[in-house]
Every structure is written in C-alpha cells, then in structure tokens.
$ cat upload03.csv   # CSV, N, CA and C atoms
chain,number,residue,atom,x,y,z
W,1,MET,N,45.7,-56.0,-46.7
W,1,MET,CA,45.3,-54.8,-45.8
W,1,MET,C,46.0,-55.0,-44.5
W,2,ALA,N,46.5,-53.9,-43.9
W,2,ALA,CA,47.2,-53.9,-42.7
W,2,ALA,C,46.3,-54.0,-41.5
W,3,VAL,N,46.6,-54.9,-40.6
W,3,VAL,CA,45.7,-55.1,-39.4
W,3,VAL,C,46.7,-55.0,-38.2
W,4,PRO,N,46.3,-54.2,-37.2
W,4,PRO,CA,47.2,-54.1,-36.0
W,4,PRO,C,47.2,-55.4,-35.2
W,5,LYS,N,48.4,-55.7,-34.7
W,5,LYS,CA,48.6,-57.0,-34.0
W,5,LYS,C,48.0,-56.8,-32.6
W,6,LYS,N,48.2,-55.7,-31.9
W,6,LYS,CA,47.8,-55.5,-30.6
W,6,LYS,C,46.8,-54.3,-30.5
W,7,ARG,N,45.9,-54.4,-29.5
W,7,ARG,CA,44.9,-53.4,-29.4
W,7,ARG,C,45.5,-52.2,-28.7
W,8,LYS,N,45.1,-51.0,-29.2
W,8,LYS,CA,45.6,-49.7,-28.6
W,8,LYS,C,44.8,-49.5,-27.3
W,9,SER,N,45.5,-49.0,-26.3
W,9,SER,CA,44.9,-48.7,-25.0
W,9,SER,C,44.0,-47.5,-25.1
W,10,LYS,N,43.1,-47.3,-24.2
W,10,LYS,CA,42.3,-46.1,-24.2
W,10,LYS,C,43.1,-44.8,-24.0
W,11,ALA,N,44.1,-44.9,-23.2
W,11,ALA,CA,45.0,-43.7,-23.0
W,11,ALA,C,45.7,-43.3,-24.2
W,12,LYS,N,46.3,-44.3,-24.9
W,12,LYS,CA,47.0,-44.1,-26.2
W,12,LYS,C,46.1,-43.5,-27.3
W,13,LYS,N,44.9,-44.0,-27.4
W,13,LYS,CA,43.9,-43.6,-28.3
W,13,LYS,C,43.5,-42.2,-28.0
W,14,ARG,N,43.2,-41.9,-26.8
W,14,ARG,CA,42.7,-40.5,-26.4
W,14,ARG,C,43.8,-39.5,-26.5
W,15,SER,N,45.0,-39.8,-26.2
W,15,SER,CA,46.1,-38.9,-26.3
W,15,SER,C,46.3,-38.5,-27.8
W,16,ARG,N,46.2,-39.5,-28.7
W,16,ARG,CA,46.3,-39.2,-30.1
W,16,ARG,C,45.2,-38.3,-30.6
W,17,ARG,N,44.0,-38.6,-30.2
W,17,ARG,CA,42.8,-37.8,-30.6
W,17,ARG,C,42.7,-36.5,-30.0
W,18,ALA,N,43.5,-36.2,-29.0
W,18,ALA,CA,43.4,-34.9,-28.2
W,18,ALA,C,43.7,-33.7,-29.1
W,19,GLN,N,44.5,-34.0,-30.2
W,19,GLN,CA,45.0,-32.9,-31.1
W,19,GLN,C,43.9,-32.6,-32.2
W,20,HIS,N,42.9,-33.4,-32.3
W,20,HIS,CA,42.0,-33.2,-33.4
W,20,HIS,C,41.1,-31.9,-33.3
W,21,ASP,N,40.8,-31.5,-32.1
W,21,ASP,CA,39.9,-30.4,-31.9
W,21,ASP,C,40.6,-29.0,-31.8
W,22,LYS,N,42.0,-29.1,-31.8
W,22,LYS,CA,42.7,-27.8,-31.7
W,22,LYS,C,42.8,-27.2,-33.0
W,23,ALA,N,42.3,-26.0,-33.1
W,23,ALA,CA,42.4,-25.2,-34.3
W,23,ALA,C,43.7,-24.4,-34.3
W,24,PRO,N,44.3,-24.2,-35.5
W,24,PRO,CA,45.6,-23.4,-35.5
W,24,PRO,C,45.2,-21.9,-35.4
W,25,MET,N,46.2,-21.2,-34.9
W,25,MET,CA,46.0,-19.7,-34.8
W,25,MET,C,45.9,-19.2,-36.2
W,26,PRO,N,45.0,-18.2,-36.5
W,26,PRO,CA,45.0,-17.6,-37.8
W,26,PRO,C,46.3,-16.8,-38.1
W,27,THR,N,46.7,-16.9,-39.3
W,27,THR,CA,47.9,-16.1,-39.7
W,27,THR,C,47.5,-14.7,-39.9
W,28,LEU,N,48.4,-13.8,-39.6
W,28,LEU,CA,48.1,-12.4,-39.8
W,28,LEU,C,49.1,-11.7,-40.8
W,29,GLY,N,48.6,-10.9,-41.6
W,29,GLY,CA,49.5,-10.1,-42.5
W,29,GLY,C,49.3,-8.6,-42.1
W,30,TRP,N,49.8,-7.7,-42.9
W,30,TRP,CA,49.7,-6.3,-42.6
W,30,TRP,C,49.0,-5.6,-43.8
W,31,CYS,N,48.1,-4.7,-43.5
W,31,CYS,CA,47.4,-4.0,-44.6
W,31,CYS,C,48.4,-3.1,-45.3
W,32,ASP,N,48.4,-3.1,-46.6
W,32,ASP,CA,49.3,-2.2,-47.4
W,32,ASP,C,48.9,-0.8,-47.3
W,33,ASN,N,47.6,-0.5,-47.0
W,33,ASN,CA,47.1,0.9,-47.0
W,33,ASN,C,47.4,1.6,-45.6
W,34,CYS,N,46.9,0.9,-44.6
W,34,CYS,CA,47.0,1.5,-43.2
W,34,CYS,C,48.0,0.9,-42.3
W,35,GLY,N,48.5,-0.3,-42.6
W,35,GLY,CA,49.5,-0.9,-41.8
W,35,GLY,C,49.0,-1.7,-40.6
W,36,GLU,N,47.7,-1.8,-40.5
W,36,GLU,CA,47.1,-2.6,-39.4
W,36,GLU,C,47.1,-4.1,-39.7
W,37,PRO,N,47.2,-4.9,-38.6
W,37,PRO,CA,47.2,-6.4,-38.9
W,37,PRO,C,45.8,-6.9,-39.4
W,38,LYS,N,45.8,-7.8,-40.4
W,38,LYS,CA,44.6,-8.3,-40.9
W,38,LYS,C,44.9,-9.7,-41.4
W,39,GLN,N,43.8,-10.5,-41.6
W,39,GLN,CA,44.0,-11.9,-42.1
W,39,GLN,C,44.2,-11.8,-43.6
W,40,PRO,N,45.0,-12.7,-44.1
W,40,PRO,CA,45.2,-12.7,-45.6
W,40,PRO,C,43.9,-13.0,-46.4
W,41,HIS,N,43.8,-12.4,-47.5
W,41,HIS,CA,42.7,-12.6,-48.4
W,41,HIS,C,41.4,-12.1,-47.8
W,42,ARG,N,41.4,-11.1,-46.9
W,42,ARG,CA,40.2,-10.6,-46.3
W,42,ARG,C,40.3,-9.0,-46.5
W,43,VAL,N,39.2,-8.4,-46.4
W,43,VAL,CA,39.1,-6.9,-46.4
W,43,VAL,C,39.7,-6.4,-45.1
W,44,CYS,N,40.4,-5.4,-45.1
W,44,CYS,CA,41.0,-4.8,-43.9
W,44,CYS,C,39.8,-4.1,-43.2
W,45,LEU,N,39.6,-4.4,-41.9
W,45,LEU,CA,38.4,-3.9,-41.2
W,45,LEU,C,38.7,-2.5,-40.7
W,46,SER,N,39.9,-2.0,-40.6
W,46,SER,CA,40.2,-0.7,-40.1
W,46,SER,C,40.1,0.4,-41.2
W,47,CYS,N,40.4,0.0,-42.5
W,47,CYS,CA,40.3,1.0,-43.5
W,47,CYS,C,39.4,0.6,-44.7
W,48,GLY,N,39.0,-0.7,-44.7
W,48,GLY,CA,38.1,-1.1,-45.7
W,48,GLY,C,38.6,-1.4,-47.1
W,49,THR,N,39.9,-1.6,-47.3
W,49,THR,CA,40.5,-1.8,-48.6
W,49,THR,C,40.9,-3.3,-48.7
W,50,TYR,N,40.9,-3.7,-50.0
W,50,TYR,CA,41.4,-5.0,-50.4
W,50,TYR,C,42.0,-5.0,-51.7
W,51,ARG,N,43.3,-5.3,-51.8
W,51,ARG,CA,44.1,-5.3,-53.0
W,51,ARG,C,44.1,-3.9,-53.7
W,52,GLY,N,44.2,-2.9,-52.9
W,52,GLY,CA,44.3,-1.5,-53.4
W,52,GLY,C,42.9,-0.9,-53.7
W,53,ARG,N,41.8,-1.6,-53.5
W,53,ARG,CA,40.5,-1.0,-53.9
W,53,ARG,C,39.7,-0.8,-52.6
W,54,GLN,N,39.0,0.3,-52.5
W,54,GLN,CA,38.1,0.6,-51.4
W,54,GLN,C,36.8,-0.2,-51.5
W,55,LEU,N,36.6,-1.1,-50.6
W,55,LEU,CA,35.4,-2.0,-50.7
W,55,LEU,C,34.4,-1.7,-49.6
W,56,LEU,N,34.8,-1.2,-48.5
W,56,LEU,CA,33.9,-1.0,-47.3
W,56,LEU,C,34.0,0.5,-47.0
W,57,LEU,N,32.9,1.1,-46.6
W,57,LEU,CA,32.9,2.4,-46.0
W,57,LEU,C,33.0,2.3,-44.5
W,58,VAL,N,34.2,2.8,-44.0
W,58,VAL,CA,34.5,2.6,-42.6
W,58,VAL,C,34.3,4.0,-41.9
W,59,ARG,N,33.4,4.0,-40.9
W,59,ARG,CA,33.2,5.2,-40.2
W,59,ARG,C,34.0,5.2,-38.9
W,60,ASN,N,34.7,6.3,-38.6
W,60,ASN,CA,35.4,6.4,-37.3
W,60,ASN,C,34.6,7.2,-36.4
W,61,TYR,N,34.1,6.6,-35.3
W,61,TYR,CA,33.3,7.3,-34.4
W,61,TYR,C,34.1,7.9,-33.3

$ encode --input "upload03.csv" --output "structure tokens"
Amino acid sequence: MAVPKKRKSKAKKRSRRAQHDKAPMPTLGWCDNCGEPKQPHRVCLSCGTYRGRQLLLVRNY
C-alpha cells in the first residue's frame, strides 16, 4: 500500500479540497417544439412537451 513520505501542509490540503463543493453549471439544450432553452431529459417548462408528447398543461397568463 502506498504511504506518503511527507505530510501535506494545511494550505495544500485546503486548496485541493476547495474544488469539492463547486457544482458544474447545468447543460442546456433547446426545445424541439418551441425553441426555448431547457435542461436535457426534462419537460420543457415553457410549452410542456417532452420527446414530442404534451405532458404538462401550460397556462400563459
């Protein structure tokens, strides 16, 4: 089993762990029906369609 020869400093350890809490930006695609941006594999919130089927009733106030 590999064992480190030298102890890591607090600054080195904390700078490495600083990236753990950062969440990536969600990717966006375009709705095939209305052209609005939406997340992939999700229902379009502006028109309510998913893969060509109407799943939500969207009211425009």

$ residues_around --input "upload03.csv" --residues "Gly35 in chain W" --least-positions-apart "3" --cutoff "10 Å" --atoms "only C-alpha atoms" --output "VMD selection string"
chain W and resid 29 to 32 38 44 46 to 47

$ select_by_dssp --input "upload03.csv" --residues "chain W" --states "strand (DSSP E or B)" --output "list of chain:residue names"
W:Gly29, W:Trp30, W:Pro37, W:Lys38, W:Thr49, W:Tyr50, W:Arg53, W:Gln54

$ closest_residue --input "upload03.csv" --among "W:Asn33, W:Thr27, W:Ser9, W:Gln19" --to "Gly52 in chain W" --atoms "all atoms listed in the file"
W:Asn33

$ atom_distance --input "upload03.csv" --atom1 "CA of Lys8 in chain W" --atom2 "CA of Ala23 in chain W"
25.4 Å

$ atom_distance --input "upload03.csv" --atom1 "CA of Pro40 in chain W" --atom2 "atom N of Pro26 in chain W"
10.6 Å

$ atom_distance --input "upload03.csv" --atom1 "CA of Tyr50 in chain W" --atom2 "CA of Pro37 in chain W"
13.0 Å

$ select_by_dssp --input "upload03.csv" --residues "range 1-59 of chain W" --states "helix (DSSP H, G or I)" --output "PyMOL selection string"
chain W and resi 10-17

$ decode --input "upload03.csv" --residues "range 17-59 of chain W" --atoms "C-alpha atoms" --output "PDB file, in the first residue's frame"
ATOM      1  CA  ARG W  17     -10.439  20.377  -1.298  1.00  0.00           C
ATOM      2  CA  ALA W  18     -11.682  23.810  -2.400  1.00  0.00           C
ATOM      3  CA  GLN W  19     -12.961  22.294  -5.656  1.00  0.00           C
ATOM      4  CA  HIS W  20     -15.169  19.671  -3.993  1.00  0.00           C
ATOM      5  CA  ASP W  21     -18.150  21.942  -3.265  1.00  0.00           C
ATOM      6  CA  LYS W  22     -18.293  23.578  -6.674  1.00  0.00           C
ATOM      7  CA  ALA W  23     -21.175  22.226  -8.711  1.00  0.00           C
ATOM      8  CA  PRO W  24     -20.911  22.344 -12.513  1.00  0.00           C
ATOM      9  CA  MET W  25     -23.251  24.554 -14.474  1.00  0.00           C
ATOM     10  CA  PRO W  26     -26.224  22.601 -15.829  1.00  0.00           C
ATOM     11  CA  THR W  27     -26.070  21.935 -19.548  1.00  0.00           C
ATOM     12  CA  LEU W  28     -28.812  23.416 -21.677  1.00  0.00           C
ATOM     13  CA  GLY W  29     -30.423  22.161 -24.833  1.00  0.00           C
ATOM     14  CA  TRP W  30     -33.158  23.590 -26.988  1.00  0.00           C
ATOM     15  CA  CYS W  31     -36.775  22.510 -27.043  1.00  0.00           C
ATOM     16  CA  ASP W  32     -37.731  20.956 -30.381  1.00  0.00           C
ATOM     17  CA  ASN W  33     -41.270  22.321 -30.152  1.00  0.00           C
ATOM     18  CA  CYS W  34     -40.863  25.943 -29.065  1.00  0.00           C
ATOM     19  CA  GLY W  35     -37.093  26.572 -29.248  1.00  0.00           C
ATOM     20  CA  GLU W  36     -36.725  27.713 -25.649  1.00  0.00           C
ATOM     21  CA  PRO W  37     -33.658  26.605 -23.639  1.00  0.00           C
ATOM     22  CA  LYS W  38     -34.268  23.619 -21.347  1.00  0.00           C
ATOM     23  CA  GLN W  39     -32.299  21.006 -19.445  1.00  0.00           C
ATOM     24  CA  PRO W  40     -31.822  17.702 -21.249  1.00  0.00           C
ATOM     25  CA  HIS W  41     -34.141  14.796 -20.291  1.00  0.00           C
ATOM     26  CA  ARG W  42     -36.609  17.223 -18.688  1.00  0.00           C
ATOM     27  CA  VAL W  43     -40.036  18.531 -19.672  1.00  0.00           C
ATOM     28  CA  CYS W  44     -39.917  21.939 -21.327  1.00  0.00           C
ATOM     29  CA  LEU W  45     -41.414  24.380 -18.842  1.00  0.00           C
ATOM     30  CA  SER W  46     -42.497  26.902 -21.460  1.00  0.00           C
ATOM     31  CA  CYS W  47     -44.594  24.569 -23.645  1.00  0.00           C
ATOM     32  CA  GLY W  48     -44.893  21.376 -21.547  1.00  0.00           C
ATOM     33  CA  THR W  49     -43.642  18.874 -24.132  1.00  0.00           C
ATOM     34  CA  TYR W  50     -41.133  16.044 -23.795  1.00  0.00           C
ATOM     35  CA  ARG W  51     -39.970  13.966 -26.761  1.00  0.00           C
ATOM     36  CA  GLY W  52     -42.842  15.175 -28.932  1.00  0.00           C
ATOM     37  CA  ARG W  53     -45.603  14.450 -26.402  1.00  0.00           C
ATOM     38  CA  GLN W  54     -47.610  17.004 -24.457  1.00  0.00           C
ATOM     39  CA  LEU W  55     -47.134  16.179 -20.779  1.00  0.00           C
ATOM     40  CA  LEU W  56     -47.929  19.433 -18.953  1.00  0.00           C
ATOM     41  CA  LEU W  57     -50.760  21.870 -19.392  1.00  0.00           C
ATOM     42  CA  VAL W  58     -49.090  25.271 -19.515  1.00  0.00           C
ATOM     43  CA  ARG W  59     -51.197  28.364 -18.988  1.00  0.00           C
TER      44      ARG W  59
END
